[in-house]
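Accompanying notes for the structure given below.
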Amino acid sequence: MSNRGAGPWAGVKRVRAKGRDYYYWTRSEPRVRLPDPFAEPDAFMRKLAHLRRVAERTDRHRAGTFSDAARLYRKSPAFTDRAASTQETYGRYLDALEGIFGPAPLRDIRRSDIQRYVMDDYADRRGAANMMLAVAHNVFVWAQARDEGLPDPTSGIEAYESTPHEPWPDHVLEEALASPDDAFRRAVALHFYTGQRTGDVCRATWNAIAAGRISVVQQKTGKALSIPLLPDLAAELERAPRTGLTILTNRGGRPLRPGTFRDWCAELGARHGIRLVPHGLRKNAVNALLEADCSTAEVSSITGQSLAMVEHYAQQRNQARIASGAVLKWGAARKANGKTFAGSENGARERLK
């Protein structure tokens, strides 16, 4: 009996016995006999593909691999104690990291691997690269407590300078609020006129509306808010069909998912040659409230943000518009106090001639 390789099929060995060839898959215990690839090629390839998928899953979740650590991290309080929206976000980036490093042993992942396959490969999506770096760091910190001496290959890697989500340009926002696409227009209106995060807006139900107000419990912070409905929003909701539990639906009438709304925003942005994300509408709301002379406390009562965060968002306000209003107020105050700039108005005119 002879035992020889099986040519181009990795993991397959050919064994010749009693004048016949037999083929076995050797990456499992016990090894698995395969159909003859020449007599039954279709059956052979189907069986081989199945065994390879099984082997890949087994390799990914072998103890000590990145996928195994990610699986256990998802079950740990370090993950489950986070807000549901944060878990969803982290989960997306964990999936991406498993696609890159899944079957690799943690101890074999080097700093250069993180730099090349995360930071460099995602350089055109810097926000995603930074999130993947942060999530990978969390996984390694969690694993270090369970594997003494395990290095953290994310240590020392610089994140990209973050680019804040920009508020939507006024003309684009007005276009969206007048869109003939009912589902999209309603979603934009509910985001803008409440100033809430996408996850909370998409979860909002018709039962949350009563007495001209909408009640929100923020998923990320647990903060409860009662927000009066602006007349424009009330009119938009009055026109909406109440066919389901949630206020917002997709174009097929099912509850709107945040990812679907992100795609809709991206499509509108592409038509204008700009990047639009749902979170930009939260900034639009803050800016609109501030430009309406609302105090930071009043803005915070609507959006649920801290006063410091409101001020941070306020950096994106329309500076020229605010400056014009400020000068008008300043001039009015001086006039009320009987003060003039460089003499009388007539004298100023004479000097300017």
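Residues are referred to by chain and number: the chain letter is A, B, ... according to the order shown in the structure tokens, the number counts from 1 in that chain, and ligands are numbered separately from 1 in the order shown.
Residue neighbourhood of A:Trp168, excluding near-sequence residues (fewer than 4 positions): Val172, Leu173, Glu174, Gly269, Ile274, Arg275, Leu276, Val277, Pro278, His279, Gly280, Leu281, Arg282, Lys283 and Asn284 of chain A, at 10 Å, using only C-alpha atoms.
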In stretch 178-227 of chain A, DSSP strand (DSSP E or B) residues written as a PyMOL selection string
chain A and resi 205+209-210+213-217+224-227
Save out the residues we just selected, N, CA, C and O atoms, as a compact mmCIF listing (two decimals), in the first residue's frame.
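Below is the file that was written, again27.txt:
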```txt
# COMPACT_ATOMS: atom_id res chain seq x y z
N THR A 205 -41.70 54.76 18.54
CA THR A 205 -43.00 54.18 18.19
C THR A 205 -44.08 55.25 18.26
O THR A 205 -43.93 56.30 18.90
N ILE A 209 -45.85 59.15 21.25
CA ILE A 209 -46.39 60.48 20.99
C ILE A 209 -47.70 60.67 21.74
O ILE A 209 -48.62 59.86 21.61
N ALA A 210 -47.75 61.72 22.54
CA ALA A 210 -48.97 62.03 23.30
C ALA A 210 -48.94 63.49 23.72
O ALA A 210 -47.88 64.03 24.07
N ARG A 213 -46.25 65.86 22.35
CA ARG A 213 -44.85 65.63 22.72
C ARG A 213 -44.46 64.21 22.31
O ARG A 213 -45.32 63.34 22.16
N ILE A 214 -43.15 64.00 22.15
CA ILE A 214 -42.65 62.65 21.88
C ILE A 214 -41.69 62.28 23.01
O ILE A 214 -40.82 63.07 23.40
N SER A 215 -41.88 61.12 23.57
CA SER A 215 -41.03 60.64 24.66
C SER A 215 -39.92 59.76 24.10
O SER A 215 -40.17 58.91 23.23
N VAL A 216 -38.71 59.96 24.58
CA VAL A 216 -37.54 59.23 24.12
C VAL A 216 -36.74 58.77 25.33
O VAL A 216 -36.52 59.55 26.26
N VAL A 217 -36.32 57.53 25.34
CA VAL A 217 -35.33 57.05 26.31
C VAL A 217 -34.09 56.71 25.49
O VAL A 217 -34.10 55.75 24.72
N ALA A 224 -34.04 59.92 29.84
CA ALA A 224 -35.43 60.05 29.39
C ALA A 224 -35.72 61.49 29.03
O ALA A 224 -35.40 62.41 29.81
N LEU A 225 -36.30 61.71 27.87
CA LEU A 225 -36.62 63.06 27.40
C LEU A 225 -38.07 63.13 26.98
O LEU A 225 -38.64 62.14 26.51
N SER A 226 -38.66 64.31 27.14
CA SER A 226 -40.01 64.58 26.64
C SER A 226 -39.88 65.84 25.78
O SER A 226 -39.64 66.93 26.30
N ILE A 227 -40.02 65.68 24.47
CA ILE A 227 -39.71 66.75 23.52
C ILE A 227 -41.00 67.25 22.87
O ILE A 227 -41.72 66.46 22.25
```
Show which residues sit within 12 Å of stretch 99-104 of chain A, as an MDAnalysis selection string. Count only C-alpha atoms, and ignore same-chain residues fewer than 5 positions away.
chainID A and resid 55:71 92:94 109:110 113:114 116:118 121:122 132 136
Can you write out the residues you just picked, keeping C-alpha atoms, as a short mmCIF file (atom, residue, chain, number, x, y, z; two decimals), in the first residue's frame?
```cif
data_model
loop_
_atom_site.label_atom_id
_atom_site.label_comp_id
_atom_site.auth_asym_id
_atom_site.auth_seq_id
_atom_site.Cartn_x
_atom_site.Cartn_y
_atom_site.Cartn_z
CA ALA A 55 -12.28 23.12 8.73
CA GLU A 56 -12.30 26.90 8.35
CA ARG A 57 -14.90 27.27 11.08
CA THR A 58 -12.95 24.91 13.32
CA ASP A 59 -9.68 26.76 12.71
CA ARG A 60 -11.31 30.13 13.37
CA HIS A 61 -12.63 29.12 16.77
CA ARG A 62 -9.61 27.11 17.86
CA ALA A 63 -8.50 28.21 21.34
CA GLY A 64 -6.06 31.10 21.17
CA THR A 65 -7.16 32.47 17.80
CA PHE A 66 -8.50 35.96 17.26
CA SER A 67 -11.97 34.62 16.45
CA ASP A 68 -12.04 32.61 19.66
CA ALA A 69 -11.03 35.67 21.68
CA ALA A 70 -13.62 37.81 19.87
CA ARG A 71 -16.32 35.20 20.58
CA ARG A 92 -19.81 45.31 13.10
CA TYR A 93 -16.12 46.07 13.57
CA LEU A 94 -15.48 42.77 15.33
CA ILE A 109 -0.56 38.96 15.21
CA ARG A 110 2.12 41.64 15.06
CA ASP A 113 -0.16 43.31 10.73
CA ILE A 114 -2.47 45.80 12.45
CA ARG A 116 -0.96 47.03 7.21
CA TYR A 117 -4.31 45.23 7.25
CA VAL A 118 -6.29 47.74 9.32
CA ASP A 121 -6.01 49.01 4.00
CA TYR A 122 -8.72 51.26 5.46
CA MET A 132 -11.27 48.80 14.22
CA ALA A 136 -8.97 45.32 18.43
#
```
Find the spatial neighbours of A:Tyr160, counting only C-alpha atoms, within a cut-off of 9 Å - ignore same-chain residues fewer than 5 positions away - and output them as a PyMOL selection string.
chain A and resi 119+123+126-127+129-130
Take the residues just selected and output them with C-alpha atoms as a PDB file, in the first residue's frame.
```
ATOM      1  CA  MET A 119      -4.794  51.213   9.206  1.00  0.00           C
ATOM      2  CA  ALA A 123      -6.886  54.550   4.940  1.00  0.00           C
ATOM      3  CA  ARG A 126     -10.339  56.615   8.447  1.00  0.00           C
ATOM      4  CA  GLY A 127     -13.248  56.550  10.854  1.00  0.00           C
ATOM      5  CA  ALA A 129      -9.883  52.262  10.660  1.00  0.00           C
ATOM      6  CA  ASN A 130      -9.881  54.101  13.987  1.00  0.00           C
TER       7      ASN A 130
END
```
From a DSSP calculation on the backbone, collect every residue of stretch 13-127 of chain A in alpha helix (DSSP H) and output the set as a PyMOL selection string.
chain A and resi 41-60+66-75+77-80+84-101+111-114+126-127
File dump, residues just selected, C-alpha atoms, as an mmCIF file, in the first residue's frame:
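For reference, out17.cif as written:
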```cif
data_model
loop_
_atom_site.group_PDB
_atom_site.id
_atom_site.type_symbol
_atom_site.label_atom_id
_atom_site.label_comp_id
_atom_site.auth_asym_id
_atom_site.auth_seq_id
_atom_site.Cartn_x
_atom_site.Cartn_y
_atom_site.Cartn_z
ATOM 1 C CA PRO A 41 -15.916 14.822 -9.986
ATOM 2 C CA ASP A 42 -19.076 16.676 -8.963
ATOM 3 C CA ALA A 43 -19.591 14.644 -5.798
ATOM 4 C CA PHE A 44 -15.884 14.983 -4.964
ATOM 5 C CA MET A 45 -15.895 18.796 -5.264
ATOM 6 C CA ARG A 46 -19.106 19.186 -3.265
ATOM 7 C CA LYS A 47 -17.759 17.040 -0.436
ATOM 8 C CA LEU A 48 -14.394 18.783 -0.499
ATOM 9 C CA ALA A 49 -15.996 22.241 -0.382
ATOM 10 C CA HIS A 50 -18.125 21.197 2.598
ATOM 11 C CA LEU A 51 -15.148 19.796 4.503
ATOM 12 C CA ARG A 52 -13.114 22.930 3.823
ATOM 13 C CA ARG A 53 -15.906 25.121 5.229
ATOM 14 C CA VAL A 54 -16.058 22.954 8.350
ATOM 15 C CA ALA A 55 -12.279 23.123 8.725
ATOM 16 C CA GLU A 56 -12.298 26.898 8.347
ATOM 17 C CA ARG A 57 -14.900 27.270 11.083
ATOM 18 C CA THR A 58 -12.949 24.911 13.315
ATOM 19 C CA ASP A 59 -9.680 26.761 12.705
ATOM 20 C CA ARG A 60 -11.311 30.132 13.368
ATOM 21 C CA PHE A 66 -8.500 35.961 17.262
ATOM 22 C CA SER A 67 -11.975 34.618 16.448
ATOM 23 C CA ASP A 68 -12.035 32.607 19.663
ATOM 24 C CA ALA A 69 -11.026 35.667 21.680
ATOM 25 C CA ALA A 70 -13.621 37.807 19.875
ATOM 26 C CA ARG A 71 -16.322 35.204 20.584
ATOM 27 C CA LEU A 72 -15.511 35.147 24.302
ATOM 28 C CA TYR A 73 -15.131 38.931 24.464
ATOM 29 C CA ARG A 74 -18.674 39.323 23.086
ATOM 30 C CA LYS A 75 -19.933 37.261 26.052
ATOM 31 C CA PRO A 77 -19.185 42.142 30.784
ATOM 32 C CA ALA A 78 -16.574 44.278 29.005
ATOM 33 C CA PHE A 79 -18.882 43.986 25.977
ATOM 34 C CA THR A 80 -22.349 43.210 27.343
ATOM 35 C CA ALA A 84 -27.045 48.167 23.015
ATOM 36 C CA SER A 85 -26.197 50.676 20.294
ATOM 37 C CA THR A 86 -22.500 50.478 21.223
ATOM 38 C CA GLN A 87 -22.634 46.686 21.149
ATOM 39 C CA GLU A 88 -24.120 46.843 17.662
ATOM 40 C CA THR A 89 -21.376 49.200 16.484
ATOM 41 C CA TYR A 90 -18.586 47.167 18.088
ATOM 42 C CA GLY A 91 -20.109 43.995 16.655
ATOM 43 C CA ARG A 92 -19.808 45.312 13.104
ATOM 44 C CA TYR A 93 -16.118 46.067 13.572
ATOM 45 C CA LEU A 94 -15.477 42.765 15.333
ATOM 46 C CA ASP A 95 -16.963 41.024 12.284
ATOM 47 C CA ALA A 96 -14.586 42.962 10.029
ATOM 48 C CA LEU A 97 -11.597 42.130 12.233
ATOM 49 C CA GLU A 98 -12.523 38.443 12.244
ATOM 50 C CA GLY A 99 -12.589 38.548 8.468
ATOM 51 C CA ILE A 100 -8.972 39.726 8.571
ATOM 52 C CA PHE A 101 -7.442 37.897 11.538
ATOM 53 C CA ARG A 111 1.986 45.412 15.158
ATOM 54 C CA SER A 112 2.908 45.486 11.475
ATOM 55 C CA ASP A 113 -0.155 43.307 10.727
ATOM 56 C CA ILE A 114 -2.469 45.801 12.445
ATOM 57 C CA ARG A 126 -10.339 56.615 8.447
ATOM 58 C CA GLY A 127 -13.248 56.550 10.854
#
```
Using only C-alpha atoms, can you tell me which of A:Gln305, A:Glu291, A:Tyr193, A:Pro255 comes closest to A:Gly222?
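Closest to A:Gly222 of all the choices is A:Gln305.
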Would you mind telling me which residue in A:Leu245, A:Ala285, A:Leu150, A:Ala159 lies nearest to A:Thr194 when using only C-alpha atoms?
A:Ala285
